[in-house]
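> I have a structure I would like to understand better, so I am pasting it below and will then ask my questions one at a time.
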Amino acid sequence: MNGITNEGLVLMGSAIGAGLAVIAGIGPGIGQGIAAGYGASAVGRNPGARGEIMSTMLLGQAVAETTGLYGLVVALILLFANPLIGRL
Amino acid sequence: MGMLMTNMMAGAGSGVMLADADFTAHYLMPINLFGQKVFFTTTHVCTCIVLIAILALAFYARHAVLKEDYEVPNNVQNVVEMLIEFLDGVVANNMGRHAKAFSNYIMTLMIFIFIANTSGLFGLRPPTADYGTTLALALISFVLIQYSAFKTSGLRALSDLAKPIPILLPINIIGEISTPLSMSLRLFGNVVSGTVMMGLWYGLLPVFVKLGLPAFLHVYFDLFSGAIQTYVFAMLTMVYITDKRDA
């Protein structure tokens with residue numbers, strides 16, 4: 001650990017943390033996939049209601065996406081507005 | 001928190017900056033506001049450009065509709081009528097009997113957010129990629145939602161917070177407050193992820209992939225994602241307002 005400054009250590013931890021934070025994208029991916037799958041099967045069963053199924057599906061997917069975006073926001077904060085650097 | 005996020009997207013210079021990738025808003029001019037130093041950023045410039053574009057479109061449409069030698073509807077009028085009918089249909093489908101009172105607000109919201117989201121196509125940094133803009137939009141909707149609640153149920157809106165059992169009171173209050181937070185973060189996150197992606201693509205890749213290929217990315221990140229998020233934001237506003245009005 002020779003030659004590593006405190007700041008460098010914090011930056012390294014922040015970069016790793018940002019990478020870990022965007023793993024939150026797994027959940028919304030699964031959720032959106034499930035929604036799309038059920039949407040497709042619903043259209044197959046009742047092709048007449050395609051428009052309504054589409055809009056419901058897209059709304060649900062967009063809501064499910066929010067948790068992933070929280071992870072993204074955490075990663076962006078760690079990378080571009082690091083609150084930890086100021087604590088040194 | 002708003003201050004923090006605005007600073008964050010404005011590239012305060014702390015933390016790591018990627019050398020060539022440019023996707024943050026820049027400080028242009030410091031302004032002293034009540035003893036606090038705030039900045040005039042590129043977001044303000046882009047918002048002004050978007051507003052001017054919307055105004056110009058509106059005046060153009062009005063000019064075309066109210067022509068002197070008016071006989072048959074011309075093409076511009078047809079397009080405007082199509083747009084208005086489509087938006088009216090969306091609002092009417094989602095709000096039922098409340099559609100008439102809110103269609104103006106929802107349409108304004110949709111037109112602004114859509115043009116702001118797609119302004120990335122014209123080389124601007126989308127105004128909605130700044131947390132200040134989306135938080136303001138969400139707070140307007142939040143005030144409207146709470147006003148609807150008090151207008152329909154009066155003080156019962158307060159006692160409804162302790163509805164199933166009184167222990168749930170704090171959770172219900174947090175639920176109400178998190179509405180504008182989640183709405184603004186959803187719009188912000190979607191738009192800013194597209195902006196970051198395009199900034200990385202343009203900034204870090206060799207020249208030959210910057211020609212032609214980004215067109216497809218722009219179609220996805222600016223047009224598709226922008227339209228979906230516009231729809232979702234307006235839809236959630238409508239759903240929450242209708243929910244409170246029918247309570």
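Each chain in the structure tokens gets a letter, A, B and so on, in the order shown; residues start at 1 in every chain, and ligands are counted from 1 in the order they appear.
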Near segment 16-22 of chain A, counting only C-alpha atoms, which residues have an atom at most 8 Å away, once you skip same-chain residues fewer than 4 positions from it, shown as a ChimeraX atom specification?
/A:12,68,71-72,74-76,78-79
> Give me, as an mmCIF file with N, CA and C atoms, in the first residue's frame, all polymer residues having an atom no more than 12 Å from Pro28 of chain A, counting only C-alpha atoms and skipping those fewer than 6 positions away in the same chain.

```cif
data_model
loop_
_atom_site.group_PDB
_atom_site.id
_atom_site.type_symbol
_atom_site.label_atom_id
_atom_site.label_comp_id
_atom_site.auth_asym_id
_atom_site.auth_seq_id
_atom_site.Cartn_x
_atom_site.Cartn_y
_atom_site.Cartn_z
ATOM 1 N N VAL A 22 -24.419 0.221 -10.115
ATOM 2 C CA VAL A 22 -25.200 0.001 -11.328
ATOM 3 C C VAL A 22 -25.571 -1.463 -11.521
ATOM 4 N N ILE A 34 -40.215 -9.667 -17.736
ATOM 5 C CA ILE A 34 -41.441 -10.376 -17.349
ATOM 6 C C ILE A 34 -42.665 -9.620 -17.875
ATOM 7 N N ALA A 35 -42.648 -8.280 -17.702
ATOM 8 C CA ALA A 35 -43.784 -7.485 -18.169
ATOM 9 C C ALA A 35 -43.956 -7.621 -19.670
ATOM 10 N N ALA A 36 -42.835 -7.584 -20.416
ATOM 11 C CA ALA A 36 -42.927 -7.690 -21.863
ATOM 12 C C ALA A 36 -43.436 -9.066 -22.276
ATOM 13 N N GLY A 60 -45.989 0.182 -16.759
ATOM 14 C CA GLY A 60 -45.438 -0.696 -15.720
ATOM 15 C C GLY A 60 -43.935 -0.825 -15.838
ATOM 16 N N GLN A 61 -43.454 -0.941 -17.086
ATOM 17 C CA GLN A 61 -42.010 -1.064 -17.272
ATOM 18 C C GLN A 61 -41.292 0.194 -16.818
ATOM 19 N N ALA A 62 -41.890 1.353 -17.130
ATOM 20 C CA ALA A 62 -41.225 2.602 -16.754
ATOM 21 C C ALA A 62 -41.176 2.743 -15.241
ATOM 22 N N VAL A 63 -42.234 2.283 -14.558
ATOM 23 C CA VAL A 63 -42.219 2.354 -13.097
ATOM 24 C C VAL A 63 -41.191 1.378 -12.537
ATOM 25 N N ALA A 64 -41.097 0.201 -13.157
ATOM 26 C CA ALA A 64 -40.133 -0.786 -12.675
ATOM 27 C C ALA A 64 -38.708 -0.307 -12.890
ATOM 28 N N GLU A 65 -38.528 0.555 -13.898
ATOM 29 C CA GLU A 65 -37.190 1.021 -14.233
ATOM 30 C C GLU A 65 -36.625 1.940 -13.147
ATOM 31 N N THR A 66 -37.523 2.502 -12.339
ATOM 32 C CA THR A 66 -37.085 3.531 -11.393
ATOM 33 C C THR A 66 -35.995 3.042 -10.456
ATOM 34 N N THR A 67 -36.143 1.809 -9.952
ATOM 35 C CA THR A 67 -35.153 1.323 -8.982
ATOM 36 C C THR A 67 -33.776 1.234 -9.608
ATOM 37 N N GLY A 68 -33.734 0.831 -10.882
ATOM 38 C CA GLY A 68 -32.444 0.794 -11.558
ATOM 39 C C GLY A 68 -31.847 2.176 -11.696
ATOM 40 N N LEU A 69 -32.744 3.159 -11.939
ATOM 41 C CA LEU A 69 -32.248 4.527 -12.111
ATOM 42 C C LEU A 69 -31.727 5.088 -10.796
ATOM 43 N N TYR A 70 -32.285 4.627 -9.667
ATOM 44 C CA TYR A 70 -31.715 5.064 -8.388
ATOM 45 C C TYR A 70 -30.256 4.624 -8.298
ATOM 46 N N GLY A 71 -29.997 3.394 -8.708
ATOM 47 C CA GLY A 71 -28.616 2.914 -8.727
ATOM 48 C C GLY A 71 -27.736 3.771 -9.612
ATOM 49 N N LEU A 72 -28.288 4.139 -10.778
ATOM 50 C CA LEU A 72 -27.529 4.979 -11.709
ATOM 51 C C LEU A 72 -27.221 6.332 -11.087
#
```
> Go through A:Gly33, A:Gly13, A:Gly39, A:Gly3 and flag the residue nearest chain B, using only C-alpha atoms for the distances.
A:Gly13
> Please identify all polymer residues within 10 Å of His44 of chain B, counting only C-alpha atoms, omitting same-chain residues fewer than 5 positions from it, and present them as a ChimeraX atom specification.
/B:25,28,39,49-50,127,130,133
> I'd like the neighbourhood of Thr118 of chain B as a short mmCIF file (atom, residue, chain, number, x, y, z; two decimals) with all heavy atoms, in the first residue's frame, where a residue qualifies if any of its atoms comes within 9 Å (using only C-alpha atoms), though same-chain residues fewer than 2 positions away should be ignored.

```cif
data_model
loop_
_atom_site.label_atom_id
_atom_site.label_comp_id
_atom_site.auth_asym_id
_atom_site.auth_seq_id
_atom_site.Cartn_x
_atom_site.Cartn_y
_atom_site.Cartn_z
N ILE B 113 -42.08 18.55 -22.27
CA ILE B 113 -41.14 17.47 -21.96
C ILE B 113 -40.68 16.78 -23.24
O ILE B 113 -39.50 16.45 -23.39
CB ILE B 113 -41.77 16.46 -20.99
CG1 ILE B 113 -42.09 17.14 -19.67
CG2 ILE B 113 -40.83 15.32 -20.72
CD1 ILE B 113 -42.69 16.22 -18.66
N PHE B 114 -41.61 16.59 -24.19
CA PHE B 114 -41.20 15.89 -25.41
C PHE B 114 -40.18 16.70 -26.18
O PHE B 114 -39.15 16.17 -26.62
CB PHE B 114 -42.42 15.60 -26.29
CG PHE B 114 -42.07 14.85 -27.53
CD1 PHE B 114 -41.69 13.52 -27.44
CD2 PHE B 114 -42.11 15.46 -28.77
CE1 PHE B 114 -41.34 12.82 -28.58
CE2 PHE B 114 -41.77 14.75 -29.90
CZ PHE B 114 -41.38 13.44 -29.81
N ILE B 115 -40.43 18.00 -26.35
CA ILE B 115 -39.48 18.80 -27.13
C ILE B 115 -38.17 18.94 -26.37
O ILE B 115 -37.09 18.92 -26.96
CB ILE B 115 -40.10 20.16 -27.48
CG1 ILE B 115 -41.29 19.91 -28.42
CG2 ILE B 115 -39.09 21.07 -28.15
CD1 ILE B 115 -41.85 21.12 -29.05
N ALA B 116 -38.25 19.03 -25.02
CA ALA B 116 -37.01 19.10 -24.24
C ALA B 116 -36.21 17.81 -24.37
O ALA B 116 -35.00 17.84 -24.54
CB ALA B 116 -37.33 19.38 -22.78
N GLY B 120 -31.95 16.81 -27.78
CA GLY B 120 -30.63 16.22 -27.98
C GLY B 120 -30.33 15.95 -29.44
O GLY B 120 -29.18 15.91 -29.84
N LEU B 121 -31.38 15.77 -30.23
CA LEU B 121 -31.20 15.54 -31.66
C LEU B 121 -30.58 16.75 -32.34
O LEU B 121 -29.93 16.63 -33.37
CB LEU B 121 -32.55 15.26 -32.32
CG LEU B 121 -33.13 13.87 -32.21
CD1 LEU B 121 -34.45 13.83 -32.93
CD2 LEU B 121 -32.18 12.88 -32.84
N PHE B 122 -30.82 17.94 -31.79
CA PHE B 122 -30.37 19.16 -32.44
C PHE B 122 -29.10 19.69 -31.79
O PHE B 122 -28.77 20.87 -31.93
CB PHE B 122 -31.47 20.22 -32.38
CG PHE B 122 -32.74 19.74 -33.02
CD1 PHE B 122 -33.79 19.29 -32.25
CD2 PHE B 122 -32.86 19.72 -34.40
CE1 PHE B 122 -34.95 18.82 -32.83
CE2 PHE B 122 -34.01 19.25 -34.99
CZ PHE B 122 -35.06 18.80 -34.21
N PRO B 126 -30.19 18.19 -23.33
CA PRO B 126 -31.61 18.28 -22.97
C PRO B 126 -31.80 18.97 -21.62
O PRO B 126 -31.10 18.63 -20.66
CB PRO B 126 -32.05 16.82 -22.89
CG PRO B 126 -31.07 16.09 -23.71
CD PRO B 126 -29.77 16.82 -23.61
N PHE B 221 -32.25 6.72 -27.88
CA PHE B 221 -32.12 7.49 -26.63
C PHE B 221 -32.93 8.77 -26.65
O PHE B 221 -33.48 9.17 -25.63
CB PHE B 221 -30.65 7.81 -26.36
CG PHE B 221 -29.87 6.64 -25.90
CD1 PHE B 221 -28.76 6.22 -26.58
CD2 PHE B 221 -30.27 5.94 -24.78
CE1 PHE B 221 -28.05 5.12 -26.16
CE2 PHE B 221 -29.57 4.85 -24.35
CZ PHE B 221 -28.46 4.43 -25.05
N ASP B 222 -32.97 9.45 -27.79
CA ASP B 222 -33.66 10.74 -27.82
C ASP B 222 -35.13 10.57 -28.16
O ASP B 222 -36.00 11.03 -27.43
CB ASP B 222 -32.99 11.68 -28.82
CG ASP B 222 -31.63 12.12 -28.31
OD1 ASP B 222 -31.47 12.16 -27.09
OD2 ASP B 222 -30.76 12.41 -29.13
N LEU B 223 -35.41 9.88 -29.29
CA LEU B 223 -36.80 9.83 -29.73
C LEU B 223 -37.62 8.84 -28.92
O LEU B 223 -38.59 9.20 -28.27
CB LEU B 223 -36.87 9.46 -31.21
CG LEU B 223 -36.60 10.63 -32.16
CD1 LEU B 223 -36.64 10.15 -33.59
CD2 LEU B 223 -37.65 11.70 -31.95
N GLY B 226 -37.32 9.36 -25.06
CA GLY B 226 -37.93 10.65 -24.75
C GLY B 226 -39.45 10.59 -24.82
O GLY B 226 -40.15 11.09 -23.93
N ALA B 227 -39.96 9.94 -25.88
CA ALA B 227 -41.41 9.85 -26.02
C ALA B 227 -42.02 9.01 -24.91
O ALA B 227 -43.04 9.38 -24.32
CB ALA B 227 -41.77 9.26 -27.39
#
```
> Show which residues sit within 12 Å of Gly154 of chain B, as a list in words. Count only C-alpha atoms, and ignore same-chain residues fewer than 6 positions away.
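What passes the distance filter is Gln146, Tyr147, Ser148, Asp160, Lys244, Arg245 and Ala247 of chain B.
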> I'd like the neighbourhood of segment 163-179 of chain B as a PDB file with N, CA, C and O atoms, in the first residue's frame, where a residue qualifies if any of its atoms comes within 12 Å (using only C-alpha atoms), though same-chain residues fewer than 5 positions away should be ignored.

```
ATOM      1  N   VAL A  63     -42.234   2.283 -14.558  1.00  0.00           N
ATOM      2  CA  VAL A  63     -42.219   2.354 -13.097  1.00  0.00           C
ATOM      3  C   VAL A  63     -41.191   1.378 -12.537  1.00  0.00           C
ATOM      4  O   VAL A  63     -40.466   1.692 -11.591  1.00  0.00           O
ATOM      5  N   THR A  66     -37.523   2.502 -12.339  1.00  0.00           N
ATOM      6  CA  THR A  66     -37.085   3.531 -11.393  1.00  0.00           C
ATOM      7  C   THR A  66     -35.995   3.042 -10.456  1.00  0.00           C
ATOM      8  O   THR A  66     -35.020   3.746 -10.205  1.00  0.00           O
TER       9      THR A  66
ATOM     10  N   LEU B 135     -37.215  18.292 -11.213  1.00  0.00           N
ATOM     11  CA  LEU B 135     -37.791  18.457  -9.872  1.00  0.00           C
ATOM     12  C   LEU B 135     -38.866  19.541  -9.891  1.00  0.00           C
ATOM     13  O   LEU B 135     -39.921  19.401  -9.264  1.00  0.00           O
ATOM     14  N   ALA B 138     -41.969  18.056 -11.445  1.00  0.00           N
ATOM     15  CA  ALA B 138     -42.631  17.123 -10.540  1.00  0.00           C
ATOM     16  C   ALA B 138     -43.283  17.843  -9.375  1.00  0.00           C
ATOM     17  O   ALA B 138     -44.340  17.428  -8.898  1.00  0.00           O
ATOM     18  N   LEU B 139     -42.671  18.945  -8.910  1.00  0.00           N
ATOM     19  CA  LEU B 139     -43.269  19.675  -7.788  1.00  0.00           C
ATOM     20  C   LEU B 139     -44.563  20.350  -8.215  1.00  0.00           C
ATOM     21  O   LEU B 139     -45.523  20.404  -7.437  1.00  0.00           O
ATOM     22  N   ILE B 140     -44.615  20.855  -9.468  1.00  0.00           N
ATOM     23  CA  ILE B 140     -45.872  21.432  -9.947  1.00  0.00           C
ATOM     24  C   ILE B 140     -46.965  20.372  -9.913  1.00  0.00           C
ATOM     25  O   ILE B 140     -48.076  20.593  -9.422  1.00  0.00           O
ATOM     26  N   SER B 141     -46.621  19.174 -10.425  1.00  0.00           N
ATOM     27  CA  SER B 141     -47.601  18.088 -10.417  1.00  0.00           C
ATOM     28  C   SER B 141     -47.994  17.712  -8.989  1.00  0.00           C
ATOM     29  O   SER B 141     -49.161  17.427  -8.720  1.00  0.00           O
ATOM     30  N   PHE B 142     -47.018  17.725  -8.083  1.00  0.00           N
ATOM     31  CA  PHE B 142     -47.278  17.353  -6.694  1.00  0.00           C
ATOM     32  C   PHE B 142     -48.272  18.326  -6.063  1.00  0.00           C
ATOM     33  O   PHE B 142     -49.233  17.915  -5.401  1.00  0.00           O
ATOM     34  N   VAL B 143     -48.060  19.629  -6.296  1.00  0.00           N
ATOM     35  CA  VAL B 143     -48.985  20.632  -5.759  1.00  0.00           C
ATOM     36  C   VAL B 143     -50.381  20.396  -6.317  1.00  0.00           C
ATOM     37  O   VAL B 143     -51.383  20.446  -5.591  1.00  0.00           O
ATOM     38  N   ILE B 145     -51.635  17.578  -7.393  1.00  0.00           N
ATOM     39  CA  ILE B 145     -52.194  16.350  -6.811  1.00  0.00           C
ATOM     40  C   ILE B 145     -52.751  16.629  -5.417  1.00  0.00           C
ATOM     41  O   ILE B 145     -53.886  16.250  -5.084  1.00  0.00           O
ATOM     42  N   GLN B 146     -51.957  17.317  -4.581  1.00  0.00           N
ATOM     43  CA  GLN B 146     -52.406  17.575  -3.212  1.00  0.00           C
ATOM     44  C   GLN B 146     -53.594  18.540  -3.206  1.00  0.00           C
ATOM     45  O   GLN B 146     -54.519  18.399  -2.398  1.00  0.00           O
ATOM     46  N   ALA B 149     -56.595  16.578  -3.870  1.00  0.00           N
ATOM     47  CA  ALA B 149     -57.015  15.828  -2.694  1.00  0.00           C
ATOM     48  C   ALA B 149     -57.813  16.712  -1.755  1.00  0.00           C
ATOM     49  O   ALA B 149     -58.890  16.331  -1.278  1.00  0.00           O
ATOM     50  N   ARG B 156     -60.741  15.553   5.162  1.00  0.00           N
ATOM     51  CA  ARG B 156     -60.688  14.090   5.173  1.00  0.00           C
ATOM     52  C   ARG B 156     -59.397  13.597   4.508  1.00  0.00           C
ATOM     53  O   ARG B 156     -58.922  12.494   4.787  1.00  0.00           O
ATOM     54  N   ALA B 157     -58.819  14.452   3.635  1.00  0.00           N
ATOM     55  CA  ALA B 157     -57.552  14.078   3.014  1.00  0.00           C
ATOM     56  C   ALA B 157     -56.473  13.854   4.052  1.00  0.00           C
ATOM     57  O   ALA B 157     -55.597  13.011   3.885  1.00  0.00           O
ATOM     58  N   LEU B 158     -56.532  14.622   5.141  1.00  0.00           N
ATOM     59  CA  LEU B 158     -55.539  14.445   6.201  1.00  0.00           C
ATOM     60  C   LEU B 158     -55.793  13.171   6.997  1.00  0.00           C
ATOM     61  O   LEU B 158     -54.883  12.414   7.291  1.00  0.00           O
ATOM     62  N   SER B 184     -39.567  12.762 -10.588  1.00  0.00           N
ATOM     63  CA  SER B 184     -38.492  13.586 -11.148  1.00  0.00           C
ATOM     64  C   SER B 184     -37.250  12.744 -11.407  1.00  0.00           C
ATOM     65  O   SER B 184     -36.599  12.897 -12.432  1.00  0.00           O
ATOM     66  N   LEU B 185     -36.939  11.813 -10.467  1.00  0.00           N
ATOM     67  CA  LEU B 185     -35.733  11.007 -10.672  1.00  0.00           C
ATOM     68  C   LEU B 185     -35.870  10.081 -11.867  1.00  0.00           C
ATOM     69  O   LEU B 185     -34.896   9.802 -12.550  1.00  0.00           O
ATOM     70  N   ARG B 186     -37.097   9.616 -12.130  1.00  0.00           N
ATOM     71  CA  ARG B 186     -37.300   8.722 -13.274  1.00  0.00           C
ATOM     72  C   ARG B 186     -36.996   9.460 -14.575  1.00  0.00           C
ATOM     73  O   ARG B 186     -36.229   8.973 -15.409  1.00  0.00           O
ATOM     74  N   PHE B 233     -44.530  10.288 -17.637  1.00  0.00           N
ATOM     75  CA  PHE B 233     -44.668  11.400 -16.698  1.00  0.00           C
ATOM     76  C   PHE B 233     -46.096  11.935 -16.710  1.00  0.00           C
ATOM     77  O   PHE B 233     -46.726  12.095 -15.652  1.00  0.00           O
ATOM     78  N   LEU B 236     -48.541   9.301 -15.186  1.00  0.00           N
ATOM     79  CA  LEU B 236     -48.532   9.212 -13.728  1.00  0.00           C
ATOM     80  C   LEU B 236     -49.221  10.418 -13.112  1.00  0.00           C
ATOM     81  O   LEU B 236     -49.985  10.281 -12.148  1.00  0.00           O
ATOM     82  N   THR B 237     -48.970  11.615 -13.682  1.00  0.00           N
ATOM     83  CA  THR B 237     -49.669  12.796 -13.182  1.00  0.00           C
ATOM     84  C   THR B 237     -51.170  12.596 -13.275  1.00  0.00           C
ATOM     85  O   THR B 237     -51.910  12.853 -12.313  1.00  0.00           O
ATOM     86  N   VAL B 239     -52.878   9.776 -13.508  1.00  0.00           N
ATOM     87  CA  VAL B 239     -53.368   8.702 -12.636  1.00  0.00           C
ATOM     88  C   VAL B 239     -53.501   9.198 -11.196  1.00  0.00           C
ATOM     89  O   VAL B 239     -54.521   8.981 -10.539  1.00  0.00           O
ATOM     90  N   TYR B 240     -52.465   9.917 -10.711  1.00  0.00           N
ATOM     91  CA  TYR B 240     -52.507  10.399  -9.329  1.00  0.00           C
ATOM     92  C   TYR B 240     -53.631  11.410  -9.133  1.00  0.00           C
ATOM     93  O   TYR B 240     -54.348  11.366  -8.127  1.00  0.00           O
ATOM     94  N   ILE B 241     -53.790  12.333 -10.115  1.00  0.00           N
ATOM     95  CA  ILE B 241     -54.828  13.353  -9.955  1.00  0.00           C
ATOM     96  C   ILE B 241     -56.212  12.703  -9.962  1.00  0.00           C
ATOM     97  O   ILE B 241     -57.058  13.013  -9.109  1.00  0.00           O
ATOM     98  N   LYS B 244     -56.976  11.042  -6.704  1.00  0.00           N
ATOM     99  CA  LYS B 244     -57.376  11.952  -5.634  1.00  0.00           C
ATOM    100  C   LYS B 244     -58.753  12.541  -5.893  1.00  0.00           C
ATOM    101  O   LYS B 244     -59.535  12.762  -4.963  1.00  0.00           O
TER     102      LYS B 244
END
```
> Quick one: pull the distance between atom CA of Leu109 of chain B and atom CA of Ala53 of chain B, Å, one decimal.
15.1 Å
> Can you tell me which residues surround Ala99 of chain B at a distance of at most 12 Å, considering only C-alpha atoms, apart from same-chain residues fewer than 4 positions away, and format the answer as a list of chain:residue names?
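Listing them by chain and then by number gives B:Leu87, B:Asp88, B:Gly89, B:Val90, B:Val91, B:Ala92, B:Asn93, B:Asn94, B:Met95, B:Ser103, B:Asn104, B:Tyr105, B:Ile106, B:Met107, B:Met238, B:Val239, B:Ile241, B:Thr242, B:Arg245.
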> Please, could you write that set of residues out with all heavy atoms as a short mmCIF file (atom, residue, chain, number, x, y, z; two decimals), in the first residue's frame?

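That gives us result_27.cif:
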```cif
data_model
loop_
_atom_site.label_atom_id
_atom_site.label_comp_id
_atom_site.auth_asym_id
_atom_site.auth_seq_id
_atom_site.Cartn_x
_atom_site.Cartn_y
_atom_site.Cartn_z
N LEU B 87 -53.67 14.17 -28.32
CA LEU B 87 -53.42 14.45 -26.90
C LEU B 87 -54.71 14.47 -26.11
O LEU B 87 -54.79 13.97 -24.98
CB LEU B 87 -52.67 15.77 -26.75
CG LEU B 87 -51.24 15.79 -27.31
CD1 LEU B 87 -50.61 17.14 -27.13
CD2 LEU B 87 -50.40 14.74 -26.64
N ASP B 88 -55.75 15.06 -26.72
CA ASP B 88 -57.07 15.07 -26.07
C ASP B 88 -57.54 13.65 -25.78
O ASP B 88 -58.09 13.37 -24.71
CB ASP B 88 -58.09 15.77 -26.97
CG ASP B 88 -58.47 17.13 -26.41
OD1 ASP B 88 -58.28 17.34 -25.21
OD2 ASP B 88 -58.96 17.96 -27.19
N GLY B 89 -57.31 12.76 -26.77
CA GLY B 89 -57.72 11.37 -26.61
C GLY B 89 -56.99 10.71 -25.46
O GLY B 89 -57.58 9.99 -24.66
N VAL B 90 -55.68 10.97 -25.37
CA VAL B 90 -54.89 10.37 -24.29
C VAL B 90 -55.43 10.83 -22.94
O VAL B 90 -55.65 10.03 -22.02
CB VAL B 90 -53.40 10.76 -24.43
CG1 VAL B 90 -52.63 10.38 -23.18
CG2 VAL B 90 -52.80 10.10 -25.63
N VAL B 91 -55.67 12.16 -22.82
CA VAL B 91 -56.15 12.68 -21.54
C VAL B 91 -57.54 12.13 -21.24
O VAL B 91 -57.83 11.73 -20.10
CB VAL B 91 -56.13 14.22 -21.54
CG1 VAL B 91 -56.64 14.76 -20.23
CG2 VAL B 91 -54.73 14.73 -21.79
N ALA B 92 -58.41 12.11 -22.24
CA ALA B 92 -59.77 11.65 -22.01
C ALA B 92 -59.80 10.18 -21.61
O ALA B 92 -60.59 9.78 -20.76
CB ALA B 92 -60.61 11.86 -23.27
N ASN B 93 -58.91 9.37 -22.21
CA ASN B 93 -58.87 7.95 -21.88
C ASN B 93 -58.49 7.74 -20.43
O ASN B 93 -58.95 6.80 -19.78
CB ASN B 93 -57.83 7.24 -22.76
CG ASN B 93 -58.46 6.74 -24.03
OD1 ASN B 93 -59.67 6.62 -24.11
ND2 ASN B 93 -57.63 6.47 -25.02
N ASN B 94 -57.58 8.59 -19.91
CA ASN B 94 -57.02 8.33 -18.60
C ASN B 94 -57.74 9.04 -17.47
O ASN B 94 -57.62 8.64 -16.33
CB ASN B 94 -55.54 8.71 -18.58
CG ASN B 94 -54.71 7.74 -19.36
OD1 ASN B 94 -54.75 6.54 -19.12
ND2 ASN B 94 -53.98 8.23 -20.34
N MET B 95 -58.41 10.16 -17.78
CA MET B 95 -58.99 10.94 -16.69
C MET B 95 -60.50 10.91 -16.65
O MET B 95 -61.10 11.40 -15.69
CB MET B 95 -58.50 12.38 -16.76
CG MET B 95 -57.00 12.49 -16.62
SD MET B 95 -56.43 14.15 -16.35
CE MET B 95 -56.74 14.36 -14.62
N SER B 103 -56.92 18.94 -19.35
CA SER B 103 -56.26 18.65 -20.63
C SER B 103 -55.25 19.73 -20.99
O SER B 103 -54.20 19.43 -21.56
CB SER B 103 -57.29 18.45 -21.73
OG SER B 103 -58.03 19.61 -21.91
N ASN B 104 -55.54 20.99 -20.64
CA ASN B 104 -54.58 22.04 -20.96
C ASN B 104 -53.25 21.82 -20.27
O ASN B 104 -52.19 21.90 -20.88
CB ASN B 104 -55.13 23.41 -20.54
CG ASN B 104 -56.00 24.00 -21.60
OD1 ASN B 104 -55.91 23.59 -22.74
ND2 ASN B 104 -56.82 24.95 -21.23
N TYR B 105 -53.32 21.53 -18.95
CA TYR B 105 -52.08 21.34 -18.19
C TYR B 105 -51.30 20.15 -18.71
O TYR B 105 -50.09 20.23 -18.94
CB TYR B 105 -52.41 21.17 -16.71
CG TYR B 105 -51.20 20.78 -15.90
CD1 TYR B 105 -50.17 21.68 -15.72
CD2 TYR B 105 -51.10 19.53 -15.34
CE1 TYR B 105 -49.05 21.32 -15.01
CE2 TYR B 105 -50.00 19.17 -14.62
CZ TYR B 105 -48.98 20.06 -14.46
OH TYR B 105 -47.87 19.70 -13.76
N ILE B 106 -52.00 19.02 -18.90
CA ILE B 106 -51.29 17.81 -19.32
C ILE B 106 -50.67 18.00 -20.70
O ILE B 106 -49.54 17.57 -20.95
CB ILE B 106 -52.27 16.61 -19.34
CG1 ILE B 106 -52.90 16.43 -17.96
CG2 ILE B 106 -51.55 15.35 -19.74
CD1 ILE B 106 -51.97 15.94 -16.92
N MET B 107 -51.40 18.68 -21.60
CA MET B 107 -50.84 18.88 -22.95
C MET B 107 -49.62 19.77 -22.90
O MET B 107 -48.63 19.51 -23.58
CB MET B 107 -51.89 19.52 -23.85
CG MET B 107 -52.85 18.53 -24.42
SD MET B 107 -53.85 19.39 -25.60
CE MET B 107 -55.33 18.47 -25.46
N MET B 238 -51.63 12.11 -14.44
CA MET B 238 -53.08 11.92 -14.64
C MET B 238 -53.63 10.88 -13.67
O MET B 238 -54.69 11.08 -13.07
CB MET B 238 -53.34 11.48 -16.08
CG MET B 238 -53.10 12.58 -17.08
SD MET B 238 -53.65 12.14 -18.71
CE MET B 238 -52.34 11.13 -19.29
N VAL B 239 -52.88 9.78 -13.51
CA VAL B 239 -53.37 8.70 -12.64
C VAL B 239 -53.50 9.20 -11.20
O VAL B 239 -54.52 8.98 -10.54
CB VAL B 239 -52.42 7.48 -12.71
CG1 VAL B 239 -52.69 6.52 -11.58
CG2 VAL B 239 -52.56 6.80 -14.03
N ILE B 241 -53.79 12.33 -10.11
CA ILE B 241 -54.83 13.35 -9.95
C ILE B 241 -56.21 12.70 -9.96
O ILE B 241 -57.06 13.01 -9.11
CB ILE B 241 -54.72 14.42 -11.07
CG1 ILE B 241 -53.46 15.25 -10.86
CG2 ILE B 241 -55.94 15.32 -11.06
CD1 ILE B 241 -53.22 16.26 -11.95
N THR B 242 -56.43 11.78 -10.91
CA THR B 242 -57.74 11.12 -10.98
C THR B 242 -58.02 10.34 -9.70
O THR B 242 -59.15 10.33 -9.20
CB THR B 242 -57.80 10.17 -12.19
OG1 THR B 242 -57.20 10.81 -13.29
CG2 THR B 242 -59.22 9.82 -12.53
N ARG B 245 -59.07 12.83 -7.16
CA ARG B 245 -60.36 13.46 -7.47
C ARG B 245 -61.51 12.51 -7.23
O ARG B 245 -62.62 12.93 -6.89
CB ARG B 245 -60.38 13.91 -8.93
CG ARG B 245 -59.50 15.09 -9.21
CD ARG B 245 -60.29 16.36 -9.17
NE ARG B 245 -59.40 17.48 -8.96
CZ ARG B 245 -59.74 18.75 -9.13
NH1 ARG B 245 -60.95 19.05 -9.51
NH2 ARG B 245 -58.88 19.70 -8.91
#
```
> Quick one: pull the distance between atom CA of Ala61 of chain B and atom CA of Phe224 of chain B, Å, one decimal.
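Taking atom CA of Ala61 of chain B and atom CA of Phe224 of chain B, their separation equals 25.1 Å.
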> As a ChimeraX atom specification, which residues of segment 7-135 of chain B does DSSP assign to alpha helix (DSSP H)?
/B:7-9,42-65,75-95,99-118,131-135
> Under the rule that only C-alpha atoms are counted, which of B:Gly35, B:Gly212, B:Gly199, B:Pro180 is the nearest residue to Leu137 of chain B?
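Ranking B:Gly35, B:Gly212, B:Gly199, B:Pro180 by distance to Leu137 of chain B, first place goes to B:Pro180.
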